[in-house]
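Okay, structure-v7.tsv now, which holds TSV, C-alpha atoms:
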chain	number	residue	atom	x	y	z
D	1	MET	CA	36.31	4.38	-33.33
D	2	GLY	CA	39.84	3.44	-32.22
D	3	GLU	CA	39.93	6.57	-30.01
D	4	GLU	CA	36.63	5.61	-28.38
D	5	ALA	CA	37.98	2.14	-27.58
D	6	SER	CA	41.10	3.52	-25.95
D	7	GLY	CA	39.04	5.86	-23.78
D	8	GLY	CA	41.97	8.08	-22.81
D	9	GLY	CA	43.42	5.53	-20.37
D	10	GLU	CA	40.94	6.22	-17.54
D	11	THR	CA	39.14	3.46	-15.62
D	12	PRO	CA	35.35	3.64	-16.13
D	13	PRO	CA	33.53	4.52	-12.86
D	14	GLU	CA	31.27	1.46	-13.09
D	15	LEU	CA	34.31	-0.85	-13.24
D	16	VAL	CA	35.83	0.87	-10.22
D	17	ARG	CA	32.58	0.43	-8.30
D	18	GLU	CA	32.33	-3.24	-9.32
D	19	ALA	CA	35.92	-3.82	-8.22
D	20	GLU	CA	35.23	-2.21	-4.86
D	21	ILE	CA	32.23	-4.47	-4.25
D	22	SER	CA	33.64	-7.70	-5.68
D	23	LEU	CA	37.31	-7.51	-4.79
D	24	LEU	CA	37.97	-4.85	-2.18
D	25	GLU	CA	35.44	-5.88	0.48
D	26	CYS	CA	35.89	-8.56	3.10
D	27	LYS	CA	32.96	-10.94	2.53
D	28	VAL	CA	32.76	-11.77	6.23
D	29	CYS	CA	32.38	-8.31	7.80
D	30	PHE	CA	31.71	-6.37	4.53
D	31	GLU	CA	34.29	-3.75	5.48
D	32	ARG	CA	36.59	-2.33	2.82
D	33	PHE	CA	40.12	-3.74	2.74
D	34	GLY	CA	42.91	-1.29	3.51
D	35	HIS	CA	46.54	-0.96	4.56
D	36	SER	CA	45.74	-0.53	8.26
D	37	GLN	CA	46.33	-3.46	10.56
D	38	GLN	CA	42.77	-4.73	11.02
D	39	ARG	CA	41.59	-4.17	7.44
D	40	ARG	CA	44.63	-5.77	5.78
D	41	PRO	CA	43.59	-8.53	3.29
D	42	ARG	CA	44.90	-11.99	4.24
D	43	ASN	CA	45.11	-15.17	2.13
D	44	LEU	CA	43.77	-18.30	3.83
D	45	ALA	CA	45.30	-21.67	2.95
D	46	CYS	CA	42.37	-22.41	0.65
D	47	GLY	CA	42.87	-19.20	-1.33
D	48	HIS	CA	39.90	-17.24	0.04
D	49	VAL	CA	40.67	-13.71	1.26
D	50	VAL	CA	39.38	-12.08	4.46
D	51	CYS	CA	40.58	-9.14	6.53
D	52	LEU	CA	43.00	-9.59	9.43
D	53	ALA	CA	40.32	-8.57	11.95
D	54	CYS	CA	38.11	-11.44	10.78
D	55	VAL	CA	41.05	-13.87	10.87
D	56	ALA	CA	41.58	-12.89	14.50
D	57	ALA	CA	37.87	-13.21	15.29
D	58	LEU	CA	37.57	-16.65	13.65
D	59	ALA	CA	40.75	-18.10	15.19
D	60	HIS	CA	40.80	-20.06	18.43
D	61	PRO	CA	42.39	-17.84	21.11
D	62	ARG	CA	45.08	-20.37	22.08
D	63	THR	CA	45.65	-22.71	19.10
D	64	LEU	CA	44.89	-20.09	16.39
D	65	ALA	CA	43.02	-22.82	14.48
D	66	LEU	CA	40.17	-21.69	12.24
D	67	GLU	CA	37.95	-22.84	9.40
D	68	CYS	CA	37.44	-20.89	6.20
D	69	PRO	CA	33.93	-19.39	6.47
D	70	PHE	CA	33.30	-20.21	2.79
D	71	CYS	CA	34.74	-23.71	2.14
D	72	ARG	CA	35.37	-24.90	5.76
D	73	ARG	CA	38.98	-25.87	5.04
D	74	ALA	CA	41.03	-25.85	8.25
D	75	CYS	CA	44.10	-23.65	8.70
D	76	ARG	CA	45.86	-21.53	11.34
D	77	ALA	CA	45.88	-17.76	11.67
D	78	CYS	CA	49.69	-17.68	11.70
D	79	ASP	CA	49.74	-19.47	8.31
D	80	THR	CA	47.84	-16.69	6.53
D	81	SER	CA	49.66	-14.18	4.35
D	82	ASP	CA	49.11	-10.73	2.83
D	83	CYS	CA	47.05	-10.78	-0.37
D	84	LEU	CA	49.41	-8.73	-2.53
D	85	PRO	CA	47.12	-8.46	-5.61
D	86	VAL	CA	44.40	-6.81	-3.49
D	87	LEU	CA	46.95	-4.48	-1.86
D	88	HIS	CA	48.27	-3.49	-5.30
D	89	LEU	CA	44.73	-2.94	-6.58
D	90	LEU	CA	44.03	-0.66	-3.63
D	91	GLU	CA	47.01	1.45	-4.64
D	92	LEU	CA	46.04	1.50	-8.32
D	93	LEU	CA	42.51	2.66	-7.54
D	94	GLY	CA	43.73	5.38	-5.21
D	95	SER	CA	42.51	3.78	-1.98
D	96	THR	CA	43.66	6.75	0.09
D	97	LEU	CA	40.86	8.82	-1.41
D	98	HIS	CA	38.24	6.49	0.10
D	99	ARG	CA	39.61	6.22	3.63
D	100	SER	CA	37.75	7.55	6.61
D	101	PRO	CA	39.00	11.01	7.68
D	102	ALA	CA	39.56	9.66	11.19
D	103	ALA	CA	42.06	7.06	10.01
D	104	PRO	CA	45.70	8.14	9.77
D	105	CYS	CA	47.37	7.86	6.42
D	106	ALA	CA	49.38	4.65	6.09
D	107	ALA	CA	52.96	4.66	4.90
D	108	PRO	CA	54.34	2.24	2.32
D	109	CYS	CA	55.08	-1.11	3.94
D	110	ILE	CA	58.85	-1.50	4.18
D	111	PRO	CA	59.95	-4.23	6.60
D	112	GLY	CA	62.33	-2.90	9.22
D	113	ALA	CA	61.97	0.76	8.22
D	114	LEU	CA	60.33	3.08	10.74
D	115	SER	CA	59.33	6.69	10.32
D	116	CYS	CA	57.50	9.22	12.49
D	117	HIS	CA	53.99	9.98	11.20
D	118	HIS	CA	52.59	12.01	14.09
D	119	ALA	CA	53.86	13.90	17.12
D	120	PHE	CA	51.47	14.74	19.95
D	121	GLY	CA	51.56	16.98	22.95
D	122	GLY	CA	54.45	19.25	23.79
D	123	TRP	CA	55.32	21.38	26.78
D	124	GLY	CA	52.35	21.71	29.13
D	125	THR	CA	50.11	19.37	27.12
D	126	LEU	CA	51.48	16.05	28.38
D	127	VAL	CA	53.20	15.63	31.74
D	128	ASN	CA	55.44	12.55	31.98
D	129	PRO	CA	53.41	10.34	29.61
D	130	THR	CA	53.70	6.69	30.56
D	131	GLY	CA	51.63	4.84	27.94
D	132	LEU	CA	49.65	5.19	24.74
D	133	ALA	CA	47.32	3.12	22.60
D	134	LEU	CA	45.50	3.40	19.31
D	135	CYS	CA	41.73	3.07	19.08
D	136	PRO	CA	41.18	0.40	16.38
D	137	LYS	CA	37.86	1.86	15.24
D	138	THR	CA	38.43	5.63	15.29
D	139	GLY	CA	42.19	5.84	14.71
D	140	ARG	CA	42.48	8.19	17.69
D	141	VAL	CA	45.44	8.00	20.06
D	142	VAL	CA	44.89	7.60	23.81
D	143	VAL	CA	47.69	8.73	26.15
D	144	VAL	CA	47.96	8.44	29.94
D	145	HIS	CA	50.11	10.98	31.78
D	146	ASP	CA	50.60	12.76	35.10
D	147	GLY	CA	48.32	15.72	34.41
D	148	LYS	CA	45.18	16.76	36.28
D	149	ARG	CA	43.12	14.62	33.93
D	150	ARG	CA	45.07	11.46	33.41
D	151	VAL	CA	43.71	10.29	30.05
D	152	LYS	CA	43.93	12.38	26.87
D	153	ILE	CA	42.55	11.45	23.45
D	154	PHE	CA	44.07	12.94	20.29
D	155	ASP	CA	42.63	12.82	16.79
D	156	SER	CA	44.58	12.35	13.56
D	157	GLY	CA	44.91	16.14	13.30
D	158	GLU	CA	47.07	15.95	16.45
D	159	GLY	CA	44.64	17.93	18.61
D	160	CYS	CA	43.25	16.86	21.97
D	161	VAL	CA	39.54	16.10	21.52
D	162	HIS	CA	38.73	14.69	24.96
D	163	GLN	CA	40.25	14.06	28.38
D	164	PHE	CA	39.04	12.32	31.53
D	165	GLY	CA	40.20	10.40	34.60
D	166	GLU	CA	40.53	12.93	37.41
D	167	LYS	CA	43.55	12.83	39.67
D	168	GLY	CA	42.15	11.73	43.02
D	169	ASP	CA	41.53	8.98	45.54
D	170	ALA	CA	38.01	7.90	44.56
D	171	ALA	CA	37.55	4.50	42.94
D	172	GLN	CA	36.78	6.06	39.55
D	173	ASP	CA	39.77	8.42	39.76
D	174	ILE	CA	43.25	7.58	38.49
D	175	ARG	CA	46.05	8.10	40.98
D	176	TYR	CA	49.16	7.06	39.05
D	177	PRO	CA	48.61	5.63	35.55
D	178	LEU	CA	51.23	3.24	34.19
D	179	ASP	CA	49.83	1.98	30.89
D	180	VAL	CA	46.73	2.01	28.69
D	181	THR	CA	45.10	-0.01	25.95
D	182	VAL	CA	41.93	0.39	23.89
D	183	THR	CA	39.77	-2.67	23.25
D	184	ASN	CA	38.24	-3.63	19.92
D	185	ASP	CA	34.92	-2.14	21.06
D	186	CYS	CA	36.55	1.15	22.15
D	187	HIS	CA	36.84	0.70	25.92
D	188	VAL	CA	39.85	2.31	27.58
D	189	VAL	CA	41.73	0.10	30.07
D	190	VAL	CA	44.24	1.76	32.45
D	191	THR	CA	46.60	0.24	35.01
D	192	ASP	CA	46.72	2.39	38.16
D	193	ALA	CA	49.72	1.99	40.48
D	194	GLY	CA	48.11	4.25	43.07
D	195	ASP	CA	45.56	1.71	44.27
D	196	ARG	CA	47.08	-1.23	42.31
D	197	SER	CA	44.01	-1.75	40.18
D	198	ILE	CA	42.85	-1.96	36.59
D	199	LYS	CA	40.18	0.53	35.54
D	200	VAL	CA	37.92	0.26	32.52
D	201	PHE	CA	36.24	3.33	30.98
D	202	ASP	CA	34.07	3.75	27.93
D	203	PHE	CA	35.46	6.05	25.22
D	204	PHE	CA	33.60	9.01	26.73
D	205	GLY	CA	35.27	8.56	30.11
D	206	GLN	CA	32.50	6.87	32.10
D	207	ILE	CA	33.82	4.27	34.55
D	208	LYS	CA	32.65	0.73	33.74
D	209	LEU	CA	34.71	-1.54	35.96
D	210	VAL	CA	37.40	-1.45	38.64
D	211	ILE	CA	39.46	-4.64	39.13
D	212	GLY	CA	41.33	-4.43	42.42
D	213	GLY	CA	42.85	-6.79	44.96
D	214	GLN	CA	44.01	-9.34	42.37
D	215	PHE	CA	47.47	-8.01	41.49
D	216	SER	CA	50.50	-6.87	43.49
D	217	LEU	CA	51.37	-4.14	40.96
D	218	PRO	CA	49.56	-4.23	37.58
D	219	TRP	CA	51.76	-2.50	35.02
D	220	GLY	CA	51.62	-3.29	31.30
D	221	VAL	CA	48.29	-3.81	29.55
D	222	GLU	CA	47.41	-4.84	25.99
D	223	THR	CA	44.33	-5.94	24.02
D	224	THR	CA	44.37	-9.31	22.25
D	225	PRO	CA	42.77	-9.89	18.82
D	226	GLN	CA	39.98	-11.78	20.64
D	227	ASN	CA	39.29	-8.67	22.80
D	228	GLY	CA	40.88	-10.13	25.91
D	229	VAL	CA	43.21	-8.05	28.09
D	230	LEU	CA	46.81	-9.02	28.88
D	231	VAL	CA	48.20	-7.60	32.13
D	232	THR	CA	51.70	-7.85	33.61
D	233	ASP	CA	52.13	-7.90	37.39
D	234	ALA	CA	55.50	-6.25	38.04
D	235	GLU	CA	55.77	-7.27	41.70
D	236	GLY	CA	54.06	-10.63	41.30
D	237	GLY	CA	56.31	-11.54	38.35
D	238	SER	CA	53.44	-12.84	36.24
D	239	LEU	CA	51.41	-12.34	33.06
D	240	HIS	CA	47.61	-12.65	33.14
D	241	LEU	CA	44.78	-12.85	30.61
D	242	LEU	CA	41.48	-11.20	31.60
D	243	GLU	CA	38.17	-11.92	29.92
D	244	VAL	CA	35.76	-9.04	30.49
D	245	ASP	CA	32.17	-8.34	29.51
D	246	PHE	CA	32.77	-4.68	28.74
D	247	LEU	CA	29.14	-3.81	28.05
D	248	GLU	CA	28.02	-5.22	31.41
D	249	GLY	CA	31.17	-4.08	33.21
D	250	ALA	CA	31.89	-7.55	34.63
D	251	LEU	CA	35.09	-9.58	34.96
D	252	GLN	CA	34.35	-13.07	33.64
D	253	ARG	CA	37.64	-14.94	34.00
D	254	THR	CA	41.30	-14.49	34.94
D	255	GLU	CA	44.06	-16.83	33.77
D	256	ARG	CA	47.73	-16.69	34.69
D	257	LEU	CA	49.68	-17.33	31.49
D	258	GLN	CA	53.23	-16.99	32.85
D	259	ALA	CA	54.86	-16.96	36.28
D	260	HIS	CA	58.47	-16.46	37.44
D	261	LEU	CA	59.02	-13.38	35.28
D	262	SER	CA	61.46	-10.71	36.48
D	263	SER	CA	59.57	-7.49	37.13
D	264	PRO	CA	57.56	-7.60	33.86
D	265	ARG	CA	56.32	-4.24	32.64
D	266	GLY	CA	55.55	-3.73	28.97
D	267	VAL	CA	53.53	-6.29	27.02
D	268	ALA	CA	52.50	-6.55	23.36
D	269	VAL	CA	50.70	-9.07	21.18
D	270	SER	CA	51.04	-9.68	17.44
D	271	TRP	CA	47.74	-9.62	15.57
D	272	LEU	CA	49.40	-11.62	12.82
D	273	THR	CA	50.79	-14.61	14.74
D	274	GLY	CA	49.39	-14.28	18.26
D	275	ALA	CA	52.93	-14.06	19.67
D	276	VAL	CA	53.33	-12.19	22.96
D	277	ALA	CA	56.31	-10.01	23.90
D	278	VAL	CA	57.07	-9.11	27.52
D	279	LEU	CA	59.57	-6.49	28.67
D	280	GLU	CA	61.29	-7.43	31.95
D	281	HIS	CA	63.35	-5.29	34.32
D	282	PRO	CA	65.47	-7.84	36.22
D	283	LEU	CA	67.41	-6.74	39.27
D	284	ALA	CA	70.76	-5.31	38.11
D	285	LEU	CA	73.92	-5.68	40.15
D	286	GLY	CA	76.13	-2.68	40.92
D	287	PRO	CA	75.44	1.04	41.49
D	288	GLY	CA	73.72	2.79	38.61
D	289	ALA	CA	73.29	-0.48	36.73
D	290	CYS	CA	70.13	-0.92	34.66
D	291	SER	CA	69.15	-4.02	32.76
D	292	THR	CA	66.15	-4.91	30.62
D	293	ARG	CA	65.16	-8.10	28.86
D	294	VAL	CA	62.65	-8.82	26.09
D	295	LYS	CA	61.01	-12.25	26.00
D	296	VAL	CA	58.85	-13.43	23.11
D	297	PHE	CA	56.35	-16.27	23.55
D	298	SER	CA	54.34	-18.13	20.94
D	299	SER	CA	50.54	-18.00	20.93
D	300	SER	CA	50.60	-21.15	23.10
D	301	MET	CA	52.94	-19.31	25.52
D	302	GLN	CA	56.06	-21.33	24.66
D	303	LEU	CA	59.24	-19.26	24.91
D	304	ILE	CA	60.57	-18.45	21.42
D	305	GLY	CA	63.53	-16.29	22.37
D	306	GLN	CA	64.87	-13.60	24.68
D	307	VAL	CA	67.53	-10.92	24.69
D	308	ASP	CA	68.80	-8.57	27.41
D	309	THR	CA	70.48	-5.15	27.42
D	310	PHE	CA	73.90	-6.63	26.72
D	311	GLY	CA	72.62	-8.77	23.86
D	312	LEU	CA	70.86	-5.86	22.17
D	313	SER	CA	73.95	-3.69	22.54
D	314	LEU	CA	75.94	-6.18	20.46
D	315	PHE	CA	73.81	-5.39	17.41
D	316	PHE	CA	73.48	-1.62	17.75
D	317	PRO	CA	76.11	1.17	17.97
D	318	SER	CA	75.47	2.04	21.62
D	319	ARG	CA	74.09	0.60	24.86
D	320	VAL	CA	70.38	-0.21	24.56
D	321	THR	CA	67.93	0.05	27.47
D	322	ALA	CA	64.52	-1.11	26.29
D	323	SER	CA	61.60	0.94	27.61
D	324	ALA	CA	58.67	-0.42	25.57
D	325	VAL	CA	57.93	-3.21	23.11
D	326	THR	CA	55.44	-3.72	20.29
D	327	PHE	CA	54.91	-5.64	17.03
D	328	ASP	CA	54.53	-4.09	13.61
D	329	HIS	CA	51.85	-5.37	11.19
D	330	GLN	CA	54.29	-7.93	9.74
D	331	GLY	CA	54.94	-9.52	13.12
D	332	ASN	CA	58.35	-7.93	13.66
D	333	VAL	CA	59.34	-7.06	17.22
D	334	VAL	CA	60.06	-3.36	17.81
D	335	VAL	CA	61.60	-1.94	21.00
D	336	THR	CA	62.13	1.63	22.15
D	337	ASP	CA	65.42	2.66	23.73
D	338	THR	CA	65.84	5.30	26.43
D	339	SER	CA	69.64	5.30	26.21
D	340	GLY	CA	69.67	6.33	22.53
D	341	PRO	CA	66.93	7.42	22.45
D	342	ALA	CA	65.78	5.38	19.46
D	343	ILE	CA	63.25	2.93	18.04
D	344	LEU	CA	64.83	-0.37	17.01
D	345	PRO	CA	63.42	-3.14	14.78
D	346	ALA	CA	64.54	-6.48	16.25
D	347	GLY	CA	63.34	-9.09	13.76
D	348	PRO	CA	60.26	-11.27	13.25
D	349	GLY	CA	58.44	-12.44	16.37
D	350	ASP	CA	58.22	-16.07	15.27
D	351	GLN	CA	62.01	-16.19	14.72
D	352	PHE	CA	62.98	-13.72	17.40
D	353	LEU	CA	66.64	-12.66	17.12
D	354	LEU	CA	67.38	-15.06	14.28
D	355	ARG	CA	67.44	-11.87	12.20
D	356	THR	CA	68.54	-8.89	14.23
D	357	GLU	CA	70.39	-6.64	11.81
D	358	PRO	CA	68.72	-3.22	12.00
D	359	LYS	CA	67.59	-1.61	8.77
D	360	MET	CA	67.05	1.81	10.27
D	361	TRP	CA	68.39	3.75	13.26
D	362	THR	CA	65.80	6.31	14.30
D	363	LYS	CA	66.65	8.96	16.87
D	364	GLY	CA	63.98	9.61	19.44
D	365	GLY	CA	61.40	12.34	19.95
D	366	GLU	CA	58.50	13.30	22.17
D	367	LEU	CA	56.46	10.11	22.34
D	368	PHE	CA	58.94	7.66	20.88
D	369	ASP	CA	59.52	6.02	24.26
D	370	TYR	CA	55.81	5.20	24.47
D	371	VAL	CA	55.34	3.68	21.06
D	372	LYS	CA	53.78	0.42	22.32
D	373	ALA	CA	50.57	0.18	20.34
D	374	ALA	CA	50.77	2.93	17.79
D	375	ILE	CA	53.42	1.78	15.33
D	376	ALA	CA	51.71	-1.25	13.87
D	377	PRO	CA	48.64	0.29	12.17
D	378	TRP	CA	50.55	3.33	10.90
Could you write out this structure as structure tokens?
Amino acid sequence: MGEEASGGGETPPELVREAEISLLECKVCFERFGHSQQRRPRNLACGHVVCLACVAALAHPRTLALECPFCRRACRACDTSDCLPVLHLLELLGSTLHRSPAAPCAAPCIPGALSCHHAFGGWGTLVNPTGLALCPKTGRVVVVHDGKRRVKIFDSGEGCVHQFGEKGDAAQDIRYPLDVTVTNDCHVVVTDAGDRSIKVFDFFGQIKLVIGGQFSLPWGVETTPQNGVLVTDAEGGSLHLLEVDFLEGALQRTERLQAHLSSPRGVAVSWLTGAVAVLEHPLALGPGACSTRVKVFSSSMQLIGQVDTFGLSLFFPSRVTASAVTFDHQGNVVVTDTSGPAILPAGPGDQFLLRTEPKMWTKGGELFDYVKAAIAPW
């Protein structure tokens, strides 16, 4: 009878199923919690737990204020925290066995430590890639490059599954792609320096919208948690927020968030805090000189901190020239370096450069200079 009670140490299947339904599902969207960015369980101030995607959907786009959908207690998205008991339970129950095959396997969460999970392309596959993004629903990676078809989509098995965006002069063609992002509903947004426009495609490559004549040189592009689109104007020195009806293919509103920036290029937004990072390329004095600067703004677009090439070089063993910027899932700022080449963790976005000691020095590889959107969920 004692042996029957012990049961060999295995968890009964019915208890596992009950735990999955009661504890491991977000009760707002009914999606399973996971280690990926959008499915990560977050504690609200009241103690209720929802996934990060629902926190972002419930929060006000500027103030980040929200109400708990269960008890209506007010809080802010940036005040939420990881629900560690749920994360530990996911590990105990072998959550990797239940993940969708399309989703890449997540690494253990170690703040400040970066490792390469995937390498895409190679000689002849990608020609001068300039940007990449991760599809939040499928886990596929979208890359823009200088090939005949400008947009390539790779699956988690590192193979190209689709490509589109012909090189040409028609409105639906892409002349010279600079950056790309994928919206929460799987629309691909590309900045095109050729005709200085922003082009929106569905995930199958059908053109939905062309936004032209509004920017001097649209460069960096990023999706916000509320499914807006951030765009930097490198020649106009500004940062803009676009609200788009993607299903109808219509631009609803444009708002200039920042002006007087110095040749802004890369842009990133933290899903955790709503902070925005902008990579500037100010005019450098002297022959062969090159300078970059990273600015981090709060969700209300107040400047938190900034650092330039010289400042970064004080904390790392060689000169640093930032080429891209992103946030990891804990809100830490990450920059890529073309001088190294390397990927450098630069501290939490809400306390930018108050903690800058690197915990890992990672030498570069094929797509490391275009890491903008892909680090955080992996």
Which residues come within 10 Å of Phe215 of chain D, counting only C-alpha atoms, excluding same-chain residues fewer than 3 positions away, as a list in words?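 The filter keeps Arg196, Ser197, Ile198, Ile211, Gly212, Pro218, Trp219, Val231, Thr232, Asp233, Ala234, Glu235, Gly236, Ser238 and His240 of chain D.
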Atom CA of Leu272 of chain D and atom CA of Val142 of chain D are how many Å apart?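 Result for atom CA of Leu272 of chain D versus atom CA of Val142 of chain D: 22.6 Å, one decimal.
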Could you please determine the separation between atom CA of Cys78 of chain D and atom CA of Asn43 of chain D in Å, to one decimal place? 10.9 Å
So what do you get for atom CA of Leu178 of chain D versus atom CA of His145 of chain D, distance-wise? 8.2 Å
Residues around (37.6, 6.0, 36.5), cut-off 6 Å, counting all atoms listed in the file - what are they as a list in words?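 Returned residue set, sorted by chain then number, is Gly165, Gln172, Asp173 and Ile207 of chain D.
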Name the residues within 10 Å of (41.5, -0.4, 15.7), counting only C-alpha atoms in the file's coordinates, and put them as a JSON list (two decimals) with C-alpha atoms, in the coordinates of the input.
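Everything below was put into point.json:
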[["chain", "number", "residue", "atom", "x", "y", "z"],
["D", 36, "SER", "CA", 45.74, -0.53, 8.26],
["D", 37, "GLN", "CA", 46.33, -3.46, 10.56],
["D", 38, "GLN", "CA", 42.77, -4.73, 11.02],
["D", 39, "ARG", "CA", 41.59, -4.17, 7.44],
["D", 53, "ALA", "CA", 40.32, -8.57, 11.95],
["D", 103, "ALA", "CA", 42.06, 7.06, 10.01],
["D", 133, "ALA", "CA", 47.32, 3.12, 22.60],
["D", 134, "LEU", "CA", 45.50, 3.40, 19.31],
["D", 135, "CYS", "CA", 41.73, 3.07, 19.08],
["D", 136, "PRO", "CA", 41.18, 0.40, 16.38],
["D", 137, "LYS", "CA", 37.86, 1.86, 15.24],
["D", 138, "THR", "CA", 38.43, 5.63, 15.29],
["D", 139, "GLY", "CA", 42.19, 5.84, 14.71],
["D", 140, "ARG", "CA", 42.48, 8.19, 17.69],
["D", 182, "VAL", "CA", 41.93, 0.39, 23.89],
["D", 183, "THR", "CA", 39.77, -2.67, 23.25],
["D", 184, "ASN", "CA", 38.24, -3.63, 19.92],
["D", 185, "ASP", "CA", 34.92, -2.14, 21.06],
["D", 186, "CYS", "CA", 36.55, 1.15, 22.15],
["D", 377, "PRO", "CA", 48.64, 0.29, 12.17]]
Rank D:Cys75, D:Val180, D:Val320, D:Ala170 by their smallest atom-to-atom distance to Ile153 of chain D, using all atoms listed in the file, and report the top residue only.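 Checking each candidate against Ile153 of chain D, we get D:Val180 as the closest.
Among the candidates D:Ser291, D:Ser300, D:Gln226, D:Ser270, the residue lying nearest to His329 of chain D is D:Ser270 (atoms considered: only C-alpha atoms).
Nearest-residue note for Pro129 of chain D: choosing from D:Glu67, D:Asp179, D:Asp155, D:Glu25, the minimum distance belongs to D:Asp179, counting all atoms listed in the file.
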Extract, using all atoms listed in the file, all DNA, RNA and protein residues at most 9 Å from segment 84-87 of chain D, discarding same-chain residues fewer than 6 positions from it, and format them as a PyMOL selection string. chain D and resi 23-24+33-35+40-42
Can you sort out the box for segment 228-234 of chain D, edges along x, y and z, all listed atoms in, 3 Å on every side, with centre and edge lengths in Å to one decimal, as JSON?
{"center_x": 48.2, "center_y": -8.2, "center_z": 32.0, "size_x": 20.6, "size_y": 9.9, "size_z": 18.1}
